[in-house]
Amino acid sequence: MSYRQARFDEGLIQEMKDTRDEDELIENILPDSMLRKKLDIPNLHEFEVTRHYTRLSQMNFGVDTGIYPLGSCTMKYTPKLGEVIVRTEEATQTHPLQNEAAVQGSLQIMYELQEMLCKIGGVDAVSLQPAAGAHCEFTGLLMARQYHELNGDKRDEVILPDTSHGTNPASASMMGYRVIEIPSKDGRVDLDALENAAGERTAAFMLTNPNTLGIFEDDVLEIARIVHDSGAILYYDGANLNAVMGKTTPGKMNFDIVHFNLHKTFSTPHGGGGPGAGPIGVMSRLMDFLPSPVVAYDGQKYFLDYDIPKSVGKVRSFYGSFAVLLRAYVYIKMLGSDGLEWVAERSVLNSNYLKERLKDHLDMPFKDLRKHEFVLSGAKLKERGLTTKDLAKRLMDYGFHPPTVYFPQIVEEALMIEPTETENKETLDAFADAIISILGEDREKVAGAPYDAAVGRVDEVNAARNPILSWKMLLNEE
């Protein structure tokens with residue numbers, strides 16, 4: 001299939017000229033007291049605004065366009081049923097300050113979602129408040145700190161493996177903890193290194209399983225023993241929960257705190273700076289530290305329960321991003337327990353199929369069997385004066401969004417691929433064929449890519465050093 005991304009000479013909407021006649025303008029309808037005096041956008045017809053934003057969308061790439069194989073980001077297709085439901089009047093015409101008696105349906109959905117996440121994660125209680133996975137990490141460490149303080153322990157270190165997600169050290173640092181990174185051994189946690197690092201100053205050990213290499217931590221129960229023997233909290237980063245749903249749970253692995261990425265595992269929209277959701281789950285000994293309130297049920301009505309004795313308090317406004325939570329609720333209900341287990345099986349199958357297609361063409365460090373994702377090394381590209389970044393940019397000319405590159409850093413010239421359960425064999429084969437084809441192309445062709453994308457080769461160093469963060473900056477107005 002040939003591919004050429006749409007490319008328009010589309011300016012900023014602020015640069016467009018007024019086209020509506022004076023008698024069409026709202027100034028002739030509303031009283032002067034209701035008008036904004038300084039609104040720096042042109043007066044345009046509906047079709048002009050529609051065409052402007054439609055053209056911009058056609059120069060973009062999304063999960064409705066094709067595979068989004070960003071490793072550990074789990075960019076799966078978002079079902080349209082959830083989008084339809086969150087736009088219903090019942091979902092949109094409520095307010096968080098309404099009386100509880102008037103929003104029993106919304107509270108029931110939140111309560112049932114808490115209960116479903118408890119079963120999926122193998123935990124005893126869940127709060128829906130955190131606004132994202134990284135926000136959940138911060139909340140979990142906040143709970144861990146309060147737990148230790150109430151026990152009279154002064155702990156100031158958080159241990160991480162070198163395969164951890166980048167938000168883990170950031171969250172720990174924001175909490176004021178000293179970050180201790182331990183090395184991997186054959187792509188998994190080095191137990192001796194963990195044993196040596198864990199001690200009376202350790203507040204928590206943060207781990208995802210499978211890890212960012214797509215390798216399952218076989219010694220997770222021994223990891224839990226070492227961490228708990230030191231008196232620390234074992235924290236589960238839920239970024240890769242997609243690989244184990246229905247097969248096992250973080251609770252069975254003896255984790256104390258679990259976070260759920262609803263955008264990764266349960267197919268709510270991912271990123272974009274809008275509202276997100278990263279519920280946090282805990283085992284019984286930490287229930288009293290959860291952010292308040294949680295949604296409770298007394299057998300007759302649903303209510304917001306603020307009676308959490310040692311709560312860290314609210315971590316965001318109101319009670320969570322309801323529209324995001326509702327999408328996840330619909331997704332779980334739509335699939336059921338058997339469907340969620342199928343998600344794990346299919347994501348692992350797709351990953352290993354794609355890995356088998358590619359591992360003879362690029363190096364693959366560490367053990368062969370992977371779960372939902374795998375990491376290849378493009379180190380051999382250096383022999384031709386190329387990099388993984390060049391390969392990724394050339395993929396855009398074949399109609400594929402590039403995978404994650406240069407992460408995790410323990411793999412040289414890393415190419416991190418996660419196809420998710422969404423994709424079919426035809427798409428996986430086309431993606432593999434594209435990479436294999438690029439590896440056989442002339443160096444100059446690959447080094448100059450992309451050619452058919454909406455935006456060509458960019459000066460990334462200059463973009464990083466001189467970012468344009470608003471349209472006003474682009475117009476040199478500030």
# chains A, B, ... in the order shown; residues from 1 in each chain; ligands from 1
>>> select_by_dssp(residues="stretch 239-460 of chain A", states="alpha helix (DSSP H)", output="number ranges by chain")
A: 262-265, 322-358, 388-395, 425-439, 443-447, 460
>>> closest_atom_pairs(of="stretch 212-272 of chain A", to="stretch 408-412 of chain A", cutoff="12 Å", atoms="only C-alpha atoms", output="CSV")
residue,atom,partner,partner_atom,distance
A:Thr212,CA,A:Pro408,CA,6.9
A:Leu213,CA,A:Pro408,CA,7.5
A:Gly214,CA,A:Pro408,CA,10.9
>>> write_last_selection(atoms="N, CA and C atoms", output="mmCIF file, in the first residue's frame")
data_model
loop_
_atom_site.group_PDB
_atom_site.id
_atom_site.type_symbol
_atom_site.label_atom_id
_atom_site.label_comp_id
_atom_site.auth_asym_id
_atom_site.auth_seq_id
_atom_site.Cartn_x
_atom_site.Cartn_y
_atom_site.Cartn_z
ATOM 1 N N THR A 212 10.139 -3.155 31.419
ATOM 2 C CA THR A 212 10.111 -2.402 30.166
ATOM 3 C C THR A 212 10.797 -3.123 29.010
ATOM 4 N N LEU A 213 11.509 -4.183 29.289
ATOM 5 C CA LEU A 213 12.065 -5.011 28.212
ATOM 6 C C LEU A 213 11.042 -6.032 27.726
ATOM 7 N N GLY A 214 9.894 -6.093 28.410
ATOM 8 C CA GLY A 214 8.893 -7.106 28.081
ATOM 9 C C GLY A 214 9.191 -8.438 28.733
#
>>> select_by_dssp(residues="stretch 112-225 of chain A", states="strand (DSSP E or B)", output="list of chain:residue names")
A:Ala125, A:Val126, A:Ser127, A:Glu157, A:Val158, A:Ile159, A:Leu160, A:Pro161, A:Arg178, A:Val179, A:Ile180, A:Glu181, A:Ile182, A:Ser184, A:Lys185, A:Arg188, A:Val189, A:Thr202, A:Ala203, A:Ala204, A:Phe205, A:Met206, A:Leu207
>>> write_last_selection(atoms="N, CA and C atoms", output="mmCIF file, in the first residue's frame")
data_model
loop_
_atom_site.group_PDB
_atom_site.id
_atom_site.type_symbol
_atom_site.label_atom_id
_atom_site.label_comp_id
_atom_site.auth_asym_id
_atom_site.auth_seq_id
_atom_site.Cartn_x
_atom_site.Cartn_y
_atom_site.Cartn_z
ATOM 1 N N ALA A 125 -8.535 -2.424 48.161
ATOM 2 C CA ALA A 125 -9.282 -1.166 48.035
ATOM 3 C C ALA A 125 -8.656 -0.312 46.944
ATOM 4 N N VAL A 126 -9.493 0.541 46.332
ATOM 5 C CA VAL A 126 -9.043 1.398 45.228
ATOM 6 C C VAL A 126 -9.615 2.794 45.407
ATOM 7 N N SER A 127 -8.807 3.801 45.095
ATOM 8 C CA SER A 127 -9.274 5.182 44.976
ATOM 9 C C SER A 127 -9.141 5.598 43.519
ATOM 10 N N GLU A 157 14.938 6.941 51.065
ATOM 11 C CA GLU A 157 15.426 6.396 49.795
ATOM 12 C C GLU A 157 14.338 5.587 49.096
ATOM 13 N N VAL A 158 14.322 5.675 47.780
ATOM 14 C CA VAL A 158 13.463 4.833 46.937
ATOM 15 C C VAL A 158 14.368 4.103 45.950
ATOM 16 N N ILE A 159 14.216 2.790 45.871
ATOM 17 C CA ILE A 159 15.041 1.969 44.979
ATOM 18 C C ILE A 159 14.289 1.723 43.681
ATOM 19 N N LEU A 160 15.030 1.780 42.576
ATOM 20 C CA LEU A 160 14.463 1.524 41.244
ATOM 21 C C LEU A 160 15.404 0.615 40.471
ATOM 22 N N PRO A 161 14.871 -0.271 39.619
ATOM 23 C CA PRO A 161 15.745 -0.999 38.700
ATOM 24 C C PRO A 161 16.093 -0.108 37.510
ATOM 25 N N ARG A 178 15.785 10.243 47.938
ATOM 26 C CA ARG A 178 17.036 9.951 47.222
ATOM 27 C C ARG A 178 16.807 8.687 46.395
ATOM 28 N N VAL A 179 17.062 8.751 45.105
ATOM 29 C CA VAL A 179 16.795 7.630 44.199
ATOM 30 C C VAL A 179 18.022 6.731 44.104
ATOM 31 N N ILE A 180 17.823 5.459 44.383
ATOM 32 C CA ILE A 180 18.891 4.464 44.283
ATOM 33 C C ILE A 180 18.567 3.551 43.110
ATOM 34 N N GLU A 181 19.384 3.587 42.064
ATOM 35 C CA GLU A 181 19.161 2.722 40.898
ATOM 36 C C GLU A 181 20.042 1.485 41.008
ATOM 37 N N ILE A 182 19.437 0.317 40.806
ATOM 38 C CA ILE A 182 20.206 -0.925 40.837
ATOM 39 C C ILE A 182 20.249 -1.528 39.438
ATOM 40 N N SER A 184 20.383 -4.318 36.263
ATOM 41 C CA SER A 184 19.688 -5.549 35.895
ATOM 42 C C SER A 184 20.693 -6.666 35.684
ATOM 43 N N LYS A 185 20.199 -7.887 35.755
ATOM 44 C CA LYS A 185 21.004 -9.065 35.465
ATOM 45 C C LYS A 185 20.204 -9.913 34.492
ATOM 46 N N ARG A 188 16.616 -8.628 34.107
ATOM 47 C CA ARG A 188 15.717 -8.668 35.260
ATOM 48 C C ARG A 188 16.430 -8.110 36.493
ATOM 49 N N VAL A 189 15.669 -7.930 37.565
ATOM 50 C CA VAL A 189 16.244 -7.377 38.791
ATOM 51 C C VAL A 189 17.360 -8.275 39.311
ATOM 52 N N THR A 202 15.188 2.526 53.279
ATOM 53 C CA THR A 202 14.384 2.307 52.079
ATOM 54 C C THR A 202 12.905 2.526 52.367
ATOM 55 N N ALA A 203 12.293 3.451 51.643
ATOM 56 C CA ALA A 203 10.857 3.698 51.783
ATOM 57 C C ALA A 203 10.058 2.783 50.858
ATOM 58 N N ALA A 204 10.564 2.572 49.630
ATOM 59 C CA ALA A 204 9.811 1.774 48.661
ATOM 60 C C ALA A 204 10.734 1.270 47.557
ATOM 61 N N PHE A 205 10.305 0.190 46.937
ATOM 62 C CA PHE A 205 10.927 -0.301 45.708
ATOM 63 C C PHE A 205 9.844 -0.268 44.645
ATOM 64 N N MET A 206 10.116 0.429 43.528
ATOM 65 C CA MET A 206 9.130 0.597 42.458
ATOM 66 C C MET A 206 9.491 -0.312 41.293
ATOM 67 N N LEU A 207 8.516 -1.100 40.863
ATOM 68 C CA LEU A 207 8.784 -2.115 39.845
ATOM 69 C C LEU A 207 7.549 -2.300 38.971
#
>>> residues_around(residues="A:Ile257", least_positions_apart="4", cutoff="7 Å", atoms="only C-alpha atoms", output="PyMOL selection string")
chain A and resi 140+234-236+281-283
>>> closest_residue(among="A:Ala193, A:Leu376, A:Ala224, A:Leu391", to="A:Gly448", atoms="only C-alpha atoms")
A:Leu391
>>> closest_residue(among="A:Asp433, A:Asp153, A:Glu341, A:Glu112", to="A:Arg201", atoms="only C-alpha atoms")
A:Asp153
>>> residues_around(residues="A:Thr94", least_positions_apart="6", cutoff="9 Å", atoms="only C-alpha atoms", output="ChimeraX atom specification")
/A:102-103,106
>>> residues_around(residues="stretch 324-333 of chain A", least_positions_apart="5", cutoff="6 Å", atoms="only C-alpha atoms", output="list in words")
Gly82, Leu113, Phe266 and Thr268 of chain A
>>> write_last_selection(atoms="C-alpha atoms", output="PDB file, in the first residue's frame")
ATOM      1  CA  GLY A  82     -17.304   4.265  25.104  1.00  0.00           C
ATOM      2  CA  LEU A 113     -15.252   0.350  38.775  1.00  0.00           C
ATOM      3  CA  PHE A 266      -8.460  -0.040  29.574  1.00  0.00           C
ATOM      4  CA  THR A 268      -9.323   5.385  27.379  1.00  0.00           C
TER       5      THR A 268
END
>>> residues_around(residues="stretch 95-97 of chain A", least_positions_apart="5", cutoff="12 Å", atoms="only C-alpha atoms", output="list in words")
Glu89, Glu90, Ala102, Val103, Gln104, Ser106, Leu107, Leu304, Ser317, Phe318, Tyr319, Gly320, Ser321, Phe322 and Ala323 of chain A
>>> write_last_selection(atoms="N, CA and C atoms", output="PDB file, in the first residue's frame")
ATOM      1  N   GLU A  89     -26.478  12.559  27.600  1.00  0.00           N
ATOM      2  CA  GLU A  89     -26.892  13.600  28.545  1.00  0.00           C
ATOM      3  C   GLU A  89     -26.712  13.139  29.983  1.00  0.00           C
ATOM      4  N   GLU A  90     -26.967  11.856  30.237  1.00  0.00           N
ATOM      5  CA  GLU A  90     -26.838  11.326  31.591  1.00  0.00           C
ATOM      6  C   GLU A  90     -25.407  11.454  32.113  1.00  0.00           C
ATOM      7  N   ALA A 102     -28.842  12.793  43.956  1.00  0.00           N
ATOM      8  CA  ALA A 102     -29.151  13.105  42.562  1.00  0.00           C
ATOM      9  C   ALA A 102     -28.181  12.470  41.574  1.00  0.00           C
ATOM     10  N   VAL A 103     -27.099  11.859  42.065  1.00  0.00           N
ATOM     11  CA  VAL A 103     -26.095  11.272  41.167  1.00  0.00           C
ATOM     12  C   VAL A 103     -25.800   9.826  41.560  1.00  0.00           C
ATOM     13  N   GLN A 104     -26.819   9.107  41.976  1.00  0.00           N
ATOM     14  CA  GLN A 104     -26.625   7.724  42.401  1.00  0.00           C
ATOM     15  C   GLN A 104     -26.094   6.853  41.258  1.00  0.00           C
ATOM     16  N   SER A 106     -24.101   7.747  38.744  1.00  0.00           N
ATOM     17  CA  SER A 106     -22.672   8.026  38.558  1.00  0.00           C
ATOM     18  C   SER A 106     -21.845   7.408  39.679  1.00  0.00           C
ATOM     19  N   LEU A 107     -22.349   7.528  40.917  1.00  0.00           N
ATOM     20  CA  LEU A 107     -21.632   6.956  42.051  1.00  0.00           C
ATOM     21  C   LEU A 107     -21.597   5.429  41.958  1.00  0.00           C
ATOM     22  N   LEU A 304     -20.121   9.246  49.123  1.00  0.00           N
ATOM     23  CA  LEU A 304     -18.704   9.592  49.177  1.00  0.00           C
ATOM     24  C   LEU A 304     -18.236   9.460  50.619  1.00  0.00           C
ATOM     25  N   SER A 317      -8.827  17.875  42.429  1.00  0.00           N
ATOM     26  CA  SER A 317     -10.153  18.443  42.652  1.00  0.00           C
ATOM     27  C   SER A 317     -11.223  17.369  42.500  1.00  0.00           C
ATOM     28  N   PHE A 318     -12.240  17.462  43.300  1.00  0.00           N
ATOM     29  CA  PHE A 318     -13.373  16.555  43.251  1.00  0.00           C
ATOM     30  C   PHE A 318     -12.948  15.094  43.402  1.00  0.00           C
ATOM     31  N   TYR A 319     -13.449  14.193  42.533  1.00  0.00           N
ATOM     32  CA  TYR A 319     -13.351  12.760  42.851  1.00  0.00           C
ATOM     33  C   TYR A 319     -12.714  11.917  41.743  1.00  0.00           C
ATOM     34  N   GLY A 320     -12.229  12.540  40.680  1.00  0.00           N
ATOM     35  CA  GLY A 320     -11.659  11.799  39.565  1.00  0.00           C
ATOM     36  C   GLY A 320     -12.236  12.312  38.262  1.00  0.00           C
ATOM     37  N   SER A 321     -11.639  11.942  37.147  1.00  0.00           N
ATOM     38  CA  SER A 321     -12.118  12.373  35.819  1.00  0.00           C
ATOM     39  C   SER A 321     -13.227  11.420  35.369  1.00  0.00           C
ATOM     40  N   PHE A 322     -14.469  11.818  35.621  1.00  0.00           N
ATOM     41  CA  PHE A 322     -15.581  10.883  35.456  1.00  0.00           C
ATOM     42  C   PHE A 322     -15.693  10.348  34.029  1.00  0.00           C
ATOM     43  N   ALA A 323     -15.540  11.200  33.025  1.00  0.00           N
ATOM     44  CA  ALA A 323     -15.683  10.738  31.641  1.00  0.00           C
ATOM     45  C   ALA A 323     -14.631   9.686  31.289  1.00  0.00           C
TER      46      ALA A 323
END
>>> residues_around(residues="A:Gly152", least_positions_apart="6", cutoff="12 Å", atoms="only C-alpha atoms", output="PyMOL selection string")
chain A and resi 145-146+200+231
>>> closest_residue(among="A:Asp360, A:Glu423, A:Glu418, A:Glu345", to="A:Ile436", atoms="only C-alpha atoms")
A:Asp360
>>> closest_residue(among="A:Met16, A:Met75, A:Leu335, A:Leu439", to="A:Pro403", atoms="only C-alpha atoms")
A:Met75
>>> closest_residue(among="A:Ile215, A:Val458, A:Val312, A:Met287", to="A:Arg370", atoms="only C-alpha atoms")
A:Ile215
>>> closest_residue(among="A:Tyr147, A:Phe8, A:Tyr68, A:Phe407", to="A:Asp288", atoms="only C-alpha atoms")
A:Tyr147
>>> decode(residues="stretch 363-374 of chain A", atoms="C-alpha atoms", output="short mmCIF file (atom, residue, chain, number, x, y, z; two decimals), in the first residue's frame")
data_model
loop_
_atom_site.label_atom_id
_atom_site.label_comp_id
_atom_site.auth_asym_id
_atom_site.auth_seq_id
_atom_site.Cartn_x
_atom_site.Cartn_y
_atom_site.Cartn_z
CA ASP A 363 19.90 -7.48 17.53
CA MET A 364 17.71 -8.50 20.47
CA PRO A 365 19.50 -8.52 23.83
CA PHE A 366 18.54 -10.70 26.81
CA LYS A 367 16.20 -13.70 26.91
CA ASP A 368 14.07 -14.66 23.94
CA LEU A 369 10.58 -15.04 25.43
CA ARG A 370 8.85 -11.69 25.86
CA LYS A 371 5.42 -10.64 27.00
CA HIS A 372 3.49 -7.68 25.57
CA GLU A 373 6.50 -5.80 24.18
CA PHE A 374 10.12 -6.33 23.17
#
